[in-house]
$ cat structure15.tsv   # TSV, C-alpha atoms
chain	number	residue	atom	x	y	z
A	20	MET	CA	0.00	0.00	0.00
A	21	MET	CA	1.31	3.44	-0.89
A	22	PHE	CA	1.84	6.13	1.71
A	23	ASP	CA	-1.03	8.63	1.67
A	24	ASP	CA	0.78	11.65	0.25
A	25	THR	CA	-2.04	14.18	0.65
A	26	TYR	CA	-3.25	16.12	3.68
A	27	LYS	CA	-5.78	18.85	4.41
A	28	MET	CA	-5.06	22.26	5.94
A	29	LEU	CA	-6.61	25.73	6.11
A	30	SER	CA	-6.01	28.25	3.34
A	31	ALA	CA	-8.10	30.87	5.17
A	32	PRO	CA	-8.92	31.14	8.91
A	33	GLY	CA	-12.37	30.76	10.45
A	34	GLU	CA	-14.26	32.11	13.46
A	35	GLY	CA	-16.96	30.52	15.60
A	36	LEU	CA	-19.28	31.75	18.36
A	37	TYR	CA	-21.39	29.82	20.86
A	38	LYS	CA	-23.52	31.28	23.69
A	39	GLU	CA	-25.00	29.38	26.61
A	40	LYS	CA	-26.51	30.69	29.88
A	41	GLY	CA	-24.66	33.98	29.63
A	42	SER	CA	-21.29	32.38	28.83
A	43	LYS	CA	-19.75	33.26	25.50
A	44	PHE	CA	-17.30	31.00	23.61
A	45	ILE	CA	-15.31	32.68	20.81
A	46	ALA	CA	-13.35	30.30	18.58
A	47	SER	CA	-10.57	31.03	16.08
A	48	ALA	CA	-9.16	28.41	13.69
A	49	PHE	CA	-5.95	29.28	11.82
A	50	THR	CA	-2.82	27.79	10.25
A	51	VAL	CA	0.31	27.00	12.28
A	52	THR	CA	3.45	25.11	11.32
A	53	SER	CA	5.33	25.10	14.65
A	54	GLU	CA	4.69	25.12	18.40
A	55	GLU	CA	6.35	28.57	18.53
A	56	GLU	CA	3.55	29.90	16.31
A	57	VAL	CA	0.98	28.35	18.68
A	58	LYS	CA	2.63	30.10	21.66
A	59	ALA	CA	2.68	33.42	19.78
A	60	ALA	CA	-1.02	33.05	18.87
A	61	LEU	CA	-1.95	32.28	22.48
A	62	SER	CA	-0.05	35.33	23.64
A	63	GLU	CA	-1.94	37.48	21.10
A	64	SER	CA	-5.26	35.95	22.15
A	65	LYS	CA	-4.56	36.77	25.81
A	66	LYS	CA	-3.84	40.39	24.86
A	67	LYS	CA	-6.91	40.70	22.62
A	68	TYR	CA	-9.30	39.00	25.09
A	69	PHE	CA	-7.45	40.07	28.23
A	70	ASP	CA	-10.63	39.99	30.34
A	71	ALA	CA	-11.67	36.44	29.34
A	72	ARG	CA	-11.47	33.71	31.96
A	73	HIS	CA	-10.19	30.83	29.80
A	74	HIS	CA	-8.11	30.47	26.62
A	75	CYS	CA	-8.49	26.79	25.75
A	76	TYR	CA	-6.89	25.35	22.64
A	77	ALA	CA	-5.77	22.38	20.57
A	78	PHE	CA	-3.35	22.09	17.69
A	79	MET	CA	-2.09	19.50	15.21
A	80	ILE	CA	1.06	19.92	13.09
A	81	GLY	CA	2.68	18.01	10.24
A	82	PRO	CA	1.40	16.04	7.24
A	83	ASP	CA	1.73	12.92	9.42
A	84	LYS	CA	-0.16	14.70	12.26
A	85	ALA	CA	2.65	13.69	14.62
A	86	ALA	CA	2.64	16.83	16.80
A	87	PHE	CA	-0.56	17.65	18.67
A	88	ARG	CA	-1.66	18.95	22.05
A	89	SER	CA	-4.70	20.31	23.82
A	90	SER	CA	-5.23	22.47	26.90
A	91	ASP	CA	-8.24	22.94	29.21
A	92	ASP	CA	-6.68	26.15	30.66
A	93	GLY	CA	-8.38	25.81	34.04
A	94	GLU	CA	-11.64	24.25	32.86
A	95	PRO	CA	-12.50	20.81	34.35
A	96	SER	CA	-10.22	18.12	32.85
A	97	GLY	CA	-11.31	16.90	29.43
A	98	THR	CA	-14.10	19.46	28.94
A	99	ALA	CA	-12.34	21.91	26.60
A	100	GLY	CA	-9.06	20.92	24.95
A	101	LYS	CA	-10.12	17.40	24.02
A	102	PRO	CA	-13.45	18.40	22.42
A	103	ILE	CA	-11.55	21.03	20.38
A	104	LEU	CA	-8.94	18.45	19.31
A	105	ASN	CA	-11.69	16.00	18.37
A	106	GLN	CA	-13.12	18.56	15.93
A	107	ILE	CA	-9.69	18.86	14.28
A	108	LEU	CA	-9.58	15.05	14.00
A	109	SER	CA	-13.12	14.81	12.63
A	110	LYS	CA	-12.31	17.37	9.90
A	111	ASP	CA	-9.05	15.49	9.21
A	112	VAL	CA	-7.03	18.73	9.02
A	113	THR	CA	-3.46	19.43	10.14
A	114	ASN	CA	-1.14	22.45	10.53
A	115	VAL	CA	-4.03	23.98	12.45
A	116	CYS	CA	-4.66	25.56	15.84
A	117	ILE	CA	-8.03	26.38	17.37
A	118	ILE	CA	-8.25	28.71	20.36
A	119	VAL	CA	-11.59	29.00	22.15
A	120	VAL	CA	-11.89	31.95	24.53
A	121	ARG	CA	-14.57	31.79	27.23
A	122	TYR	CA	-16.30	34.67	28.96
A	123	PHE	CA	-18.03	33.24	32.03
A	124	GLY	CA	-21.68	34.22	32.35
A	125	GLY	CA	-22.12	33.42	36.06
A	126	ILE	CA	-24.00	30.13	35.61
A	127	LYS	CA	-22.08	26.84	35.59
A	128	LEU	CA	-22.73	24.68	32.54
A	129	GLY	CA	-21.65	21.32	33.96
A	130	VAL	CA	-19.30	18.86	32.29
A	131	SER	CA	-21.57	17.92	29.37
A	132	GLY	CA	-22.53	21.57	28.82
A	133	LEU	CA	-18.88	22.61	28.64
A	134	ILE	CA	-17.95	19.78	26.27
A	135	ASN	CA	-20.82	20.74	23.96
A	136	ALA	CA	-19.93	24.46	24.09
A	137	TYR	CA	-16.23	24.00	23.23
A	138	LYS	CA	-17.02	21.36	20.60
A	139	THR	CA	-19.68	23.52	18.90
A	140	ALA	CA	-17.56	26.70	18.87
A	141	ALA	CA	-14.55	24.80	17.45
A	142	ARG	CA	-16.68	23.07	14.79
A	143	GLU	CA	-18.17	26.38	13.68
A	144	ALA	CA	-14.70	27.93	13.36
A	145	LEU	CA	-13.59	25.05	11.12
A	146	ASP	CA	-16.84	25.16	9.12
A	147	ASN	CA	-16.20	28.87	8.45
A	148	ALA	CA	-12.55	28.30	7.47
A	149	THR	CA	-11.40	27.37	3.96
A	150	ILE	CA	-9.89	23.88	3.78
A	151	VAL	CA	-7.63	22.78	0.91
A	152	GLU	CA	-5.87	19.53	0.05
A	153	LYS	CA	-2.08	19.58	-0.26
A	154	THR	CA	0.43	16.98	-1.39
A	155	VAL	CA	3.40	15.77	0.66
A	156	ASP	CA	6.42	16.66	-1.50
A	157	GLU	CA	10.05	15.60	-1.33
A	158	VAL	CA	12.87	17.94	-2.38
A	159	TYR	CA	15.99	16.56	-4.08
A	160	SER	CA	19.18	18.01	-5.51
A	161	LEU	CA	21.04	16.98	-8.66
A	162	GLN	CA	24.79	17.46	-9.15
A	163	PHE	CA	26.42	16.75	-12.50
A	164	ALA	CA	29.15	17.88	-14.91
A	165	TYR	CA	28.22	20.50	-17.53
A	166	PRO	CA	28.33	18.07	-20.53
A	167	LEU	CA	25.38	16.17	-18.98
A	168	MET	CA	23.18	19.30	-18.99
A	169	ASN	CA	21.13	18.40	-22.09
A	170	GLU	CA	20.37	14.90	-20.86
A	171	VAL	CA	19.35	16.12	-17.39
A	172	MET	CA	17.15	18.87	-18.86
A	173	ARG	CA	15.49	16.40	-21.22
A	174	VAL	CA	14.47	14.21	-18.25
A	175	MET	CA	13.35	17.27	-16.25
A	176	LYS	CA	11.09	18.33	-19.14
A	177	GLU	CA	9.81	14.81	-19.74
A	178	LEU	CA	8.80	14.51	-16.07
A	179	GLY	CA	7.35	18.03	-15.89
A	180	LEU	CA	9.69	19.08	-13.06
A	181	GLU	CA	10.47	22.66	-12.15
A	182	GLN	CA	14.12	23.53	-11.44
A	183	ARG	CA	15.06	25.69	-8.46
A	184	ASN	CA	18.25	27.05	-6.88
A	185	THR	CA	20.18	26.39	-10.07
A	186	ARG	CA	23.93	26.84	-10.42
A	187	PHE	CA	25.27	26.06	-13.89
A	188	GLU	CA	29.07	26.16	-14.10
A	189	MET	CA	31.55	23.37	-14.89
A	190	ASP	CA	29.87	21.51	-12.04
A	191	CYS	CA	26.12	22.02	-12.15
A	192	TYR	CA	23.56	21.97	-9.34
A	193	LEU	CA	19.78	22.22	-9.21
A	194	GLU	CA	16.90	21.26	-6.96
A	195	PHE	CA	13.41	19.95	-7.72
A	196	SER	CA	10.41	18.75	-5.73
A	197	THR	CA	7.99	15.93	-6.46
A	198	ARG	CA	5.04	14.21	-4.80
A	199	LYS	CA	6.22	11.61	-2.30
A	200	ASN	CA	4.46	8.77	-4.12
A	201	ASP	CA	6.26	9.66	-7.38
A	202	ALA	CA	9.70	10.17	-5.81
A	203	ASP	CA	11.18	6.66	-6.23
A	204	ARG	CA	10.25	6.50	-9.92
A	205	ILE	CA	11.64	9.98	-10.63
A	206	VAL	CA	14.85	9.54	-8.62
A	207	SER	CA	15.62	6.26	-10.44
A	208	LYS	CA	15.34	8.07	-13.81
A	209	PHE	CA	18.12	10.46	-12.78
A	210	LYS	CA	20.20	7.69	-11.19
A	211	ASN	CA	20.14	5.95	-14.58
A	212	ILE	CA	22.12	8.88	-16.05
A	213	PHE	CA	25.76	7.99	-15.39
A	214	GLY	CA	27.55	10.83	-13.58
A	215	VAL	CA	24.47	12.40	-11.91
A	216	THR	CA	24.39	12.48	-8.09
A	217	VAL	CA	20.88	12.61	-6.57
A	218	SER	CA	20.52	13.71	-2.94
A	219	TYR	CA	17.39	13.89	-0.76
A	220	ILE	CA	17.05	17.29	0.97
A	221	LYS	CA	13.75	17.37	2.85
A	222	THR	CA	10.04	16.55	2.92
A	223	VAL	CA	7.61	19.49	2.77

$ encode --input "structure15.tsv" --output "structure tokens"
Amino acid sequence: MMFDDTYKMLSAPGEGLYKEKGSKFIASAFTVTSEEEVKAALSESKKKYFDARHHCYAFMIGPDKAAFRSSDDGEPSGTAGKPILNQILSKDVTNVCIIVVRYFGGIKLGVSGLINAYKTAAREALDNATIVEKTVDEVYSLQFAYPLMNEVMRVMKELGLEQRNTRFEMDCYLEFSTRKNDADRIVSKFKNIFGVTVSYIKTV
């Protein structure tokens, strides 16, 4: 079975609002690619909604969804962060953070009421965001002597690859990216050209 080389993320942020018994839950869903960006967004949220009682959140990062976390920020355990994270999972999106800010209305909502409030606000934020599908790409470099230029360029054109970071001297260098599922086939084409060195750089 091939690795699933697509993932979904937000191309535009979304907002959500849920009100219950005087309490107000304001949700924001937006793109993040690192935990530092999550921290910065939380800091901004606390400045913007400085008088709110709770800033609960969840995030998921990476095409493989390997990095994720949720926080109840003082709400009873499992009533805020987890319901927010579950909405991210149900939409199957990554590179996303949702912060739900709560203004307490004076009446307690109970565990089920809180779960429903955070879940609904987070879902609305995602429903109002724009979600796009992306491919997992691998970036490679090619190094070769100048006389091999025509042969390398012929294969590049044949495969529809775009060259980047080129350096054409006596020793030539260029980079290209390709979908993960196509990488082995494409790399073997270049390896079949005697004198071309193919190196993996990164996955994006």

$ atom_distance --input "structure15.tsv" --atom1 "CA of Tyr76 in chain A" --atom2 "CA of Leu104 in chain A"
7.9 Å

$ closest_atom_pairs --input "structure15.tsv" --of "range 83-134 of chain A" --to "range 62-65 of chain A" --cutoff "10 Å" --atoms "only C-alpha atoms" --output "CSV"
residue,atom,partner,partner_atom,distance
A:Ile118,CA,A:Ser64,CA,8.0
A:Val119,CA,A:Ser64,CA,9.4
A:Val120,CA,A:Ser64,CA,8.1

$ write_last_selection --input "structure15.tsv" --atoms "C-alpha atoms" --output "PDB file, in the coordinates of the input"
ATOM      1  CA  ILE A 118      -8.250  28.710  20.360  1.00  0.00           C
ATOM      2  CA  VAL A 119     -11.590  29.000  22.150  1.00  0.00           C
ATOM      3  CA  VAL A 120     -11.890  31.950  24.530  1.00  0.00           C
TER       4      VAL A 120
END

$ closest_residue --input "structure15.tsv" --among "A:Ala60, A:Ile45, A:Ile107, A:Val174" --to "Asp146 in chain A" --atoms "all atoms listed in the file"
A:Ile107

$ atom_distance --input "structure15.tsv" --atom1 "CA of Asn105 in chain A" --atom2 "CA of Ser53 in chain A"
19.7 Å

$ residues_around --input "structure15.tsv" --residues "Glu54 in chain A" --least-positions-apart "2" --cutoff "9 Å" --atoms "all atoms listed in the file" --output "list in words"
Val51, Thr52, Glu56, Val57, Lys58, Ala59, Phe78, Ile80 and Ala86 of chain A

$ closest_residue --input "structure15.tsv" --among "A:Lys27, A:Arg142, A:Lys221, A:Arg204" --to "Glu157 in chain A" --atoms "all atoms listed in the file"
A:Lys221
